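See below for input.csv, which holds CSV, C-alpha atoms.
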chain,number,residue,atom,x,y,z
A,1,PRO,CA,0.0,0.0,0.0
A,2,ILE,CA,2.8,2.4,0.7
A,3,ILE,CA,4.3,2.0,-2.7
A,4,ALA,CA,0.9,2.2,-4.4
A,5,VAL,CA,0.0,5.5,-2.7
A,6,LEU,CA,3.4,7.0,-3.5
A,7,VAL,CA,3.1,6.0,-7.1
A,8,LEU,CA,-0.4,7.5,-7.1
A,9,SER,CA,1.0,10.8,-5.8
A,10,LEU,CA,3.3,10.9,-8.8
A,11,ILE,CA,0.4,10.4,-11.3
A,12,TYR,CA,-2.6,12.0,-9.6
A,13,ARG,CA,-2.7,15.8,-9.1
A,14,PRO,CA,-5.6,16.9,-6.8
A,15,GLY,CA,-7.1,20.3,-7.3
A,16,SER,CA,-6.7,21.3,-3.6
A,17,MET,CA,-4.6,19.9,-0.8
A,18,GLU,CA,-6.5,21.8,1.9
A,19,ALA,CA,-8.2,19.5,4.4
A,20,ALA,CA,-11.9,19.8,5.0
A,21,ALA,CA,-13.1,20.9,8.4
A,22,GLN,CA,-14.0,18.0,10.8
A,23,LYS,CA,-17.7,18.0,11.3
A,24,ILE,CA,-19.3,16.5,14.4
A,25,PRO,CA,-23.0,15.6,14.1
A,26,ASP,CA,-25.3,17.8,16.3
A,27,VAL,CA,-26.9,15.1,18.5
A,28,THR,CA,-28.9,16.5,21.5
A,29,ASP,CA,-30.6,13.3,22.7
A,30,SER,CA,-30.8,9.6,22.3
A,31,ILE,CA,-33.6,9.8,19.7
A,32,ALA,CA,-31.4,12.0,17.4
A,33,LEU,CA,-28.5,9.5,18.0
A,34,GLY,CA,-30.7,6.6,17.0
A,35,ARG,CA,-31.8,8.4,13.8
A,36,GLN,CA,-28.1,9.0,13.0
A,37,PHE,CA,-27.4,5.3,13.1
A,38,LEU,CA,-30.6,4.3,11.3
A,39,SER,CA,-29.9,6.7,8.5
A,40,ALA,CA,-26.4,5.3,8.0
A,41,PHE,CA,-27.4,1.6,8.2
A,42,PRO,CA,-29.0,1.1,4.7
A,43,LEU,CA,-25.9,2.7,3.1
A,44,TYR,CA,-23.5,0.2,4.6
A,45,LEU,CA,-25.9,-2.7,3.9
A,46,LYS,CA,-25.5,-1.9,0.3
A,47,GLU,CA,-21.7,-1.2,0.4
A,48,ILE,CA,-20.9,-4.5,2.2
A,49,ALA,CA,-23.1,-6.4,-0.2
A,50,ILE,CA,-21.2,-5.0,-3.1
A,51,SER,CA,-17.9,-5.8,-1.4
A,52,LEU,CA,-18.8,-9.4,-0.6
A,53,LEU,CA,-20.5,-10.2,-3.9
A,54,PRO,CA,-17.3,-10.9,-5.9
A,55,ILE,CA,-16.0,-13.3,-3.2
A,56,VAL,CA,-19.3,-15.2,-3.2
A,57,VAL,CA,-19.4,-15.4,-7.0
A,58,VAL,CA,-15.8,-16.7,-7.2
A,59,PHE,CA,-16.5,-19.3,-4.6
A,60,LEU,CA,-19.7,-20.5,-6.4
A,61,ILE,CA,-17.7,-20.8,-9.7
A,62,PHE,CA,-15.0,-22.9,-8.0
A,63,GLN,CA,-17.7,-24.9,-6.2
A,64,LEU,CA,-19.4,-25.8,-9.5
A,65,PHE,CA,-16.3,-26.7,-11.5
A,66,ALA,CA,-13.6,-27.7,-9.0
A,67,LEU,CA,-14.3,-27.9,-5.2
A,68,LYS,CA,-17.5,-30.0,-5.1
A,69,LEU,CA,-17.8,-29.5,-1.3
A,70,GLU,CA,-20.4,-31.4,0.7
A,71,ARG,CA,-23.7,-29.8,1.6
A,72,ARG,CA,-22.7,-29.5,5.3
A,73,THR,CA,-19.5,-27.7,4.5
A,74,ILE,CA,-21.3,-25.3,2.1
A,75,LEU,CA,-23.9,-24.6,4.8
A,76,ARG,CA,-21.2,-23.6,7.3
A,77,ILE,CA,-19.6,-21.3,4.7
A,78,ILE,CA,-23.0,-19.7,4.0
A,79,ILE,CA,-23.6,-19.1,7.7
A,80,GLY,CA,-20.1,-17.6,7.9
A,81,VAL,CA,-20.8,-15.3,5.0
A,82,VAL,CA,-24.0,-14.2,6.7
A,83,TYR,CA,-22.2,-13.5,10.0
A,84,THR,CA,-19.5,-11.6,8.1
A,85,TYR,CA,-22.1,-9.5,6.2
A,86,ILE,CA,-24.0,-8.6,9.4
A,87,GLY,CA,-20.9,-8.0,11.4
A,88,LEU,CA,-19.2,-5.7,8.9
A,89,THR,CA,-22.4,-3.8,8.3
A,90,LEU,CA,-22.9,-3.2,12.1
A,91,PHE,CA,-19.2,-2.4,12.5
A,92,LEU,CA,-19.0,0.2,9.7
A,93,THR,CA,-22.3,1.8,10.8
A,94,GLY,CA,-21.0,2.1,14.4
A,95,VAL,CA,-17.6,3.4,13.2
A,96,ASN,CA,-18.9,6.1,10.9
A,97,ALA,CA,-22.0,7.1,12.9
A,98,GLY,CA,-20.5,7.0,16.3
A,99,PHE,CA,-16.8,6.0,16.7
A,100,LEU,CA,-15.2,8.5,14.3
A,101,PRO,CA,-17.1,11.6,15.6
A,102,ALA,CA,-16.3,10.5,19.1
A,103,GLY,CA,-12.6,10.3,18.4
A,104,VAL,CA,-12.6,13.7,16.6
A,105,PHE,CA,-14.6,15.3,19.5
A,106,LEU,CA,-12.3,13.9,22.2
A,107,GLY,CA,-9.2,15.0,20.3
A,108,GLN,CA,-10.5,18.6,19.9
A,109,LYS,CA,-11.6,18.9,23.5
A,110,LEU,CA,-8.3,17.6,25.0
A,111,ALA,CA,-6.1,19.7,22.6
A,112,GLY,CA,-8.2,22.7,23.5
A,113,LEU,CA,-7.4,22.5,27.2
A,114,PRO,CA,-4.9,25.0,28.7
A,115,VAL,CA,-2.4,22.1,29.2
A,116,ARG,CA,-2.1,20.9,25.7
A,117,PHE,CA,0.5,18.2,26.3
A,118,ILE,CA,-2.2,16.2,28.2
A,119,ILE,CA,-3.0,14.6,24.8
A,120,ILE,CA,0.3,12.7,25.1
A,121,PRO,CA,-0.4,10.6,28.3
A,122,VAL,CA,-4.1,10.3,27.4
A,123,GLY,CA,-3.2,9.1,23.9
A,124,MET,CA,-0.7,6.6,25.3
A,125,LEU,CA,-3.4,5.3,27.7
A,126,ILE,CA,-5.9,4.9,24.8
A,127,GLY,CA,-3.2,3.2,22.8
A,128,TRP,CA,-2.5,0.7,25.6
A,129,PHE,CA,-6.2,-0.3,25.9
A,130,ILE,CA,-7.0,-0.3,22.3
A,131,VAL,CA,-4.8,-3.3,21.8
A,132,LYS,CA,-7.1,-5.1,24.3
A,133,ALA,CA,-10.1,-4.4,22.1
A,134,GLU,CA,-8.4,-5.4,18.8
A,135,PRO,CA,-9.8,-8.8,17.8
A,136,ALA,CA,-7.0,-9.7,15.4
A,137,ILE,CA,-4.5,-9.5,18.3
A,138,TYR,CA,-6.2,-12.4,20.1
A,139,VAL,CA,-6.1,-14.5,16.9
A,140,LEU,CA,-2.4,-13.8,16.5
A,141,MET,CA,-1.7,-14.6,20.2
A,142,ARG,CA,-3.4,-17.9,20.0
A,143,GLN,CA,-1.8,-18.9,16.7
A,144,VAL,CA,1.7,-18.0,17.7
A,145,GLU,CA,1.4,-19.8,21.1
A,146,GLU,CA,0.0,-22.9,19.4
A,147,LEU,CA,2.5,-23.1,16.6
A,148,THR,CA,5.5,-22.4,18.8
A,149,ASN,CA,4.3,-25.0,21.4
A,150,GLY,CA,4.3,-22.3,24.1
A,151,ALA,CA,7.8,-21.0,23.3
A,152,ILE,CA,6.2,-17.6,22.8
A,153,LYS,CA,3.5,-16.9,25.3
A,154,GLY,CA,0.4,-15.2,24.1
A,155,ARG,CA,0.1,-12.9,27.1
A,156,THR,CA,3.8,-11.9,26.7
A,157,LEU,CA,3.1,-11.0,23.1
A,158,GLN,CA,0.0,-9.0,24.0
A,159,LEU,CA,1.9,-7.1,26.7
A,160,SER,CA,4.7,-6.2,24.2
A,161,LEU,CA,2.1,-5.0,21.7
A,162,CYS,CA,0.3,-2.9,24.4
A,163,LEU,CA,3.6,-1.2,25.3
A,164,SER,CA,4.5,-0.6,21.6
A,165,VAL,CA,1.2,0.9,20.6
A,166,SER,CA,1.2,3.1,23.7
A,167,LEU,CA,4.6,4.3,22.7
A,168,SER,CA,3.7,4.9,19.1
A,169,VAL,CA,0.6,6.9,20.0
A,170,GLY,CA,2.7,9.1,22.4
A,171,LEU,CA,5.1,9.8,19.5
A,172,ALA,CA,2.2,10.5,17.2
A,173,MET,CA,0.8,13.1,19.7
A,174,ILE,CA,4.3,14.7,19.9
A,175,ARG,CA,4.1,15.0,16.1
A,176,VAL,CA,0.7,16.7,16.4
A,177,LEU,CA,2.0,19.2,19.0
A,178,THR,CA,5.3,20.0,17.2
A,179,GLY,CA,4.5,19.4,13.6
A,180,ALA,CA,7.7,17.2,13.2
A,181,PRO,CA,7.9,15.4,9.8
A,182,ILE,CA,7.0,11.7,9.9
A,183,LEU,CA,10.2,10.7,8.2
A,184,PHE,CA,12.1,11.8,11.4
A,185,PHE,CA,10.5,8.9,13.1
A,186,MET,CA,10.0,6.3,10.3
A,187,VAL,CA,13.5,6.3,8.8
A,188,PRO,CA,15.4,5.7,12.0
A,189,GLY,CA,12.7,3.3,13.2
A,190,TYR,CA,12.8,1.0,10.2
A,191,ALA,CA,16.6,1.2,10.0
A,192,LEU,CA,16.7,-0.1,13.6
A,193,VAL,CA,14.2,-2.8,12.7
A,194,LEU,CA,16.4,-4.0,9.8
A,195,LEU,CA,19.4,-3.9,12.1
A,196,LEU,CA,17.7,-6.0,14.8
A,197,SER,CA,16.6,-8.6,12.2
A,198,PHE,CA,20.2,-9.7,11.9
A,199,PHE,CA,20.4,-10.6,15.6
A,200,THR,CA,16.9,-11.6,16.5
A,201,PRO,CA,15.8,-15.2,16.2
A,202,LYS,CA,14.0,-15.7,12.9
A,203,ILE,CA,10.7,-16.7,14.5
A,204,PHE,CA,10.5,-13.4,16.4
A,205,THR,CA,11.3,-11.4,13.3
A,206,ALA,CA,8.5,-13.1,11.4
A,207,VAL,CA,6.0,-12.6,14.3
A,208,ALA,CA,7.2,-8.9,14.6
A,209,PHE,CA,6.3,-8.0,11.0
A,210,ASP,CA,2.9,-9.7,11.3
A,211,SER,CA,2.3,-7.9,14.6
A,212,GLY,CA,2.8,-4.5,13.0
A,213,GLY,CA,0.0,-5.2,10.6
A,214,VAL,CA,-2.3,-6.7,13.2
A,215,ALA,CA,-1.8,-3.9,15.7
A,216,SER,CA,-2.7,-1.3,13.1
A,217,GLY,CA,-6.1,-2.9,12.6
A,218,PRO,CA,-9.7,-1.5,12.5
A,219,MET,CA,-9.8,-0.3,16.1
A,220,THR,CA,-6.7,1.8,15.6
A,221,ALA,CA,-7.7,3.3,12.2
A,222,THR,CA,-11.2,4.1,13.3
A,223,PHE,CA,-10.4,5.8,16.6
A,224,LEU,CA,-6.8,6.9,16.9
A,225,LEU,CA,-6.7,8.5,13.5
A,226,PRO,CA,-9.8,10.6,14.2
A,227,PHE,CA,-8.4,11.4,17.6
A,228,ALA,CA,-5.2,12.8,16.1
A,229,MET,CA,-7.2,14.7,13.4
A,230,GLY,CA,-9.4,16.3,16.0
A,231,ALA,CA,-6.4,17.3,18.1
A,232,SER,CA,-4.5,18.7,15.1
A,233,SER,CA,-7.5,20.8,13.9
A,234,ALA,CA,-7.9,22.2,17.5
A,235,LEU,CA,-4.2,23.2,17.6
A,236,GLY,CA,-4.4,24.9,14.2
A,237,GLY,CA,-2.0,22.4,12.6
A,238,SER,CA,-2.1,20.7,9.2
A,239,VAL,CA,-4.3,17.6,9.5
A,240,THR,CA,-2.9,16.1,6.3
A,241,THR,CA,0.7,16.2,7.5
A,242,ASP,CA,0.5,16.2,11.3
A,243,ALA,CA,-2.4,13.8,12.1
A,244,PHE,CA,-2.0,11.3,9.3
A,245,GLY,CA,0.8,8.9,10.0
A,246,VAL,CA,-0.5,7.7,13.4
A,247,VAL,CA,-1.4,4.3,11.9
A,248,ALA,CA,2.1,4.0,10.4
A,249,MET,CA,3.6,4.7,13.8
A,250,VAL,CA,1.4,2.0,15.3
A,251,ALA,CA,2.6,-0.4,12.6
A,252,LEU,CA,6.3,0.4,13.3
A,253,THR,CA,6.7,0.1,17.0
A,254,PRO,CA,5.5,-3.6,17.4
A,255,LEU,CA,8.4,-4.6,15.0
A,256,LEU,CA,10.8,-3.1,17.5
A,257,THR,CA,9.3,-4.4,20.7
A,258,VAL,CA,8.7,-7.9,19.5
A,259,GLN,CA,12.3,-8.1,18.2
A,260,VAL,CA,13.7,-6.8,21.5
A,261,LEU,CA,11.5,-9.5,23.1
A,262,GLY,CA,13.3,-12.0,20.9
A,263,LEU,CA,16.7,-10.8,21.9
A,264,ILE,CA,15.7,-11.0,25.6
A,265,TYR,CA,14.5,-14.6,25.0
A,266,ARG,CA,17.7,-15.5,23.3
A,267,LEU,CA,19.8,-14.2,26.1
A,268,LYS,CA,17.7,-16.1,28.7
A,269,GLU,CA,17.9,-19.3,26.7
A,270,ARG,CA,21.7,-19.0,26.4
A,271,GLY,CA,22.0,-18.4,30.1
A,272,LYS,CA,20.0,-21.6,30.9
A,273,GLN,CA,21.9,-23.9,28.5
A,274,PRO,CA,25.4,-25.2,28.8
A,275,GLU,CA,27.9,-23.7,26.2
A,276,SER,CA,28.1,-27.0,24.2
A,277,GLU,CA,24.3,-27.2,23.9
A,278,ARG,CA,23.4,-23.6,23.0
A,279,THR,CA,21.3,-23.2,19.9
A,280,ASP,CA,19.0,-20.6,18.5
A,281,LEU,CA,15.3,-20.7,19.2
A,282,LEU,CA,13.6,-23.2,16.8
A,283,SER,CA,16.9,-23.5,14.9
A,284,GLU,CA,15.8,-26.8,13.4
A,285,TYR,CA,13.3,-24.8,11.2
A,286,ASP,CA,14.6,-23.6,7.9
A,287,ASP,CA,13.7,-20.2,6.3
A,288,GLN,CA,10.8,-21.7,4.4
A,289,ALA,CA,9.2,-23.1,7.5
A,290,ILE,CA,9.6,-19.8,9.3
A,291,ILE,CA,7.9,-18.0,6.4
A,292,GLU,CA,5.0,-20.5,6.5
A,293,LEU,CA,4.7,-20.0,10.2
Just dump the structure as structure tokens.
Amino acid sequence: PIIAVLVLSLIYRPGSMEAAAQKIPDVTDSIALGRQFLSAFPLYLKEIAISLLPIVVVFLIFQLFALKLERRTILRIIIGVVYTYIGLTLFLTGVNAGFLPAGVFLGQKLAGLPVRFIIIPVGMLIGWFIVKAEPAIYVLMRQVEELTNGAIKGRTLQLSLCLSVSLSVGLAMIRVLTGAPILFFMVPGYALVLLLSFFTPKIFTAVAFDSGGVASGPMTATFLLPFAMGASSALGGSVTTDAFGVVAMVALTPLLTVQVLGLIYRLKERGKQPESERTDLLSEYDDQAIIEL
């Protein structure tokens, strides 16, 4: 996606680069709030149906000519598609009708306080707990713990992700306050990530890069980004340059923390084993096995 957007910037020339003002719906009571959700619900019913239709069509084609699955399996897939359709519709309705405006409003109010740097600790606190609410994190925790036979504990991985996302949101709020360019953070960060990859056990490097994508999931993009946009607009900064990039920061820091976790694990393992028996974590796995993991 990074390469695609950069290439698009070379081809596409927008008419205006000025960001639109962040509008918060005027909701005075629960009835108006309910109307806000009900008015958005049909729109996302249609959008999700259009999004899922190509997947369903491709599956039906393969089912007719290649897969030939049993009726029971097909029924389970149909139920899964229905659950996905309902879940995505409810999620997008909640995000666009409630979650995004709440994030913008909270960012504006906190940045408008006399003590503006309060957005840094509050943002870090939100970043810590938003990992707890990210569903993909729990999937990654369970898969990593099962596939490594407990060598990497799920709770330890979650704690490292909470710490990393909290740190990344704090750095993002510093960017909002100071207007520092994002490259000042991203270039040294990824350089350190690549350097650590030469010393970290391969399994931790693979998990680290997956963790970056998982941590910057729907909860992060739908709340932290509006929160940063609201704070930036309240401070009079540039939303397009100061607020955007918070998701990239969230995707970066898990790479660092998980790899540091791998270094700590390697040091502990070497301290436990005799010199003649010391080996790397899961050293019997080749590169292809690590990639598949």
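Coordinates place CA of Met186 in chain A at a distance of 18.4 Å from CA of Met124 in chain A.
Our summary of the geometry notes that CA of Phe41 in chain A is positioned 15.3 Å from CA of Leu100 in chain A.
Take CA of Ile55 in chain A and CA of Pro135 in chain A: the distance between them is 22.4 Å.
Residue nearest Phe129 in chain A within the list A:Ile74, A:Leu194, A:Ala234, A:Leu159: A:Leu159 [criterion: smallest interatomic distance, all atoms listed in the file].
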Checklist line | Selection: 12 Å around Pro226 in chain A, only C-alpha atoms, excl. self and same-chain fewer than 6 positions, as a list of chain:residue names | finding: A:Gln22, A:Lys23, A:Ile24, A:Val95, A:Asn96, A:Gly98, A:Phe99, A:Leu100, A:Pro101, A:Ala102, A:Gly103, A:Val104, A:Phe105, A:Leu106, A:Gly107, A:Gln108, A:Gly123, A:Met219, A:Thr220, A:Ser232, A:Ser233, A:Val239, A:Thr240, A:Ala243, A:Phe244, A:Gly245, A:Val246, A:Val247
Writing out the chosen residues with C-alpha atoms as a PDB file, keeping the file's coordinate frame:
ATOM      1  CA  GLN A  22     -14.000  18.000  10.800  1.00  0.00           C
ATOM      2  CA  LYS A  23     -17.700  18.000  11.300  1.00  0.00           C
ATOM      3  CA  ILE A  24     -19.300  16.500  14.400  1.00  0.00           C
ATOM      4  CA  VAL A  95     -17.600   3.400  13.200  1.00  0.00           C
ATOM      5  CA  ASN A  96     -18.900   6.100  10.900  1.00  0.00           C
ATOM      6  CA  GLY A  98     -20.500   7.000  16.300  1.00  0.00           C
ATOM      7  CA  PHE A  99     -16.800   6.000  16.700  1.00  0.00           C
ATOM      8  CA  LEU A 100     -15.200   8.500  14.300  1.00  0.00           C
ATOM      9  CA  PRO A 101     -17.100  11.600  15.600  1.00  0.00           C
ATOM     10  CA  ALA A 102     -16.300  10.500  19.100  1.00  0.00           C
ATOM     11  CA  GLY A 103     -12.600  10.300  18.400  1.00  0.00           C
ATOM     12  CA  VAL A 104     -12.600  13.700  16.600  1.00  0.00           C
ATOM     13  CA  PHE A 105     -14.600  15.300  19.500  1.00  0.00           C
ATOM     14  CA  LEU A 106     -12.300  13.900  22.200  1.00  0.00           C
ATOM     15  CA  GLY A 107      -9.200  15.000  20.300  1.00  0.00           C
ATOM     16  CA  GLN A 108     -10.500  18.600  19.900  1.00  0.00           C
ATOM     17  CA  GLY A 123      -3.200   9.100  23.900  1.00  0.00           C
ATOM     18  CA  MET A 219      -9.800  -0.300  16.100  1.00  0.00           C
ATOM     19  CA  THR A 220      -6.700   1.800  15.600  1.00  0.00           C
ATOM     20  CA  SER A 232      -4.500  18.700  15.100  1.00  0.00           C
ATOM     21  CA  SER A 233      -7.500  20.800  13.900  1.00  0.00           C
ATOM     22  CA  VAL A 239      -4.300  17.600   9.500  1.00  0.00           C
ATOM     23  CA  THR A 240      -2.900  16.100   6.300  1.00  0.00           C
ATOM     24  CA  ALA A 243      -2.400  13.800  12.100  1.00  0.00           C
ATOM     25  CA  PHE A 244      -2.000  11.300   9.300  1.00  0.00           C
ATOM     26  CA  GLY A 245       0.800   8.900  10.000  1.00  0.00           C
ATOM     27  CA  VAL A 246      -0.500   7.700  13.400  1.00  0.00           C
ATOM     28  CA  VAL A 247      -1.400   4.300  11.900  1.00  0.00           C
TER      29      VAL A 247
END
Checklist line | Contact residues around Ala208 in chain A with all atoms listed in the file at 10 Å, ignoring same-chain residues under 5 positions, as a ChimeraX atom specification | finding: /A:157,161,193,197,202-203,213-214,251-262
Notebook entry, point to check: Which of these, A:Ala4, A:Leu33, A:Ile11, A:Ala215, has the shortest distance to Ser160 in chain A once you count only C-alpha atoms?
Noted result: A:Ala215
Next item on the list: Just the residues within 12 Å of Arg142 in chain A, please, counting all atoms listed in the file, with nothing from its chain fewer than 2 positions along; format it as a PyMOL selection string.
Entry: chain A and resi 135-140+144-150+152-158
Item checked: Nearest to Phe198 in chain A, chosen from A:Val82, A:Gly236, A:Pro121, A:Leu263, with all atoms listed in the file counted in the distances -> A:Leu263
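Between Glu134 in chain A and the residues A:Ile48, A:Pro25, A:Phe204, A:Cys162, the shortest atom-to-atom distance, using only C-alpha atoms, involves A:Cys162.
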Notebook entry, point to check: Which residue, A:Ala66, A:Val56, A:Ile61, A:Ala49, has the smallest gap to Leu88 in chain A when you use only C-alpha atoms?
Noted result: A:Ala49
Item checked: Selected residue, from A:Leu6, A:Val176, A:Leu90, A:Leu69, that lies nearest to Thr241 in chain A when counting all atoms listed in the file -> A:Val176
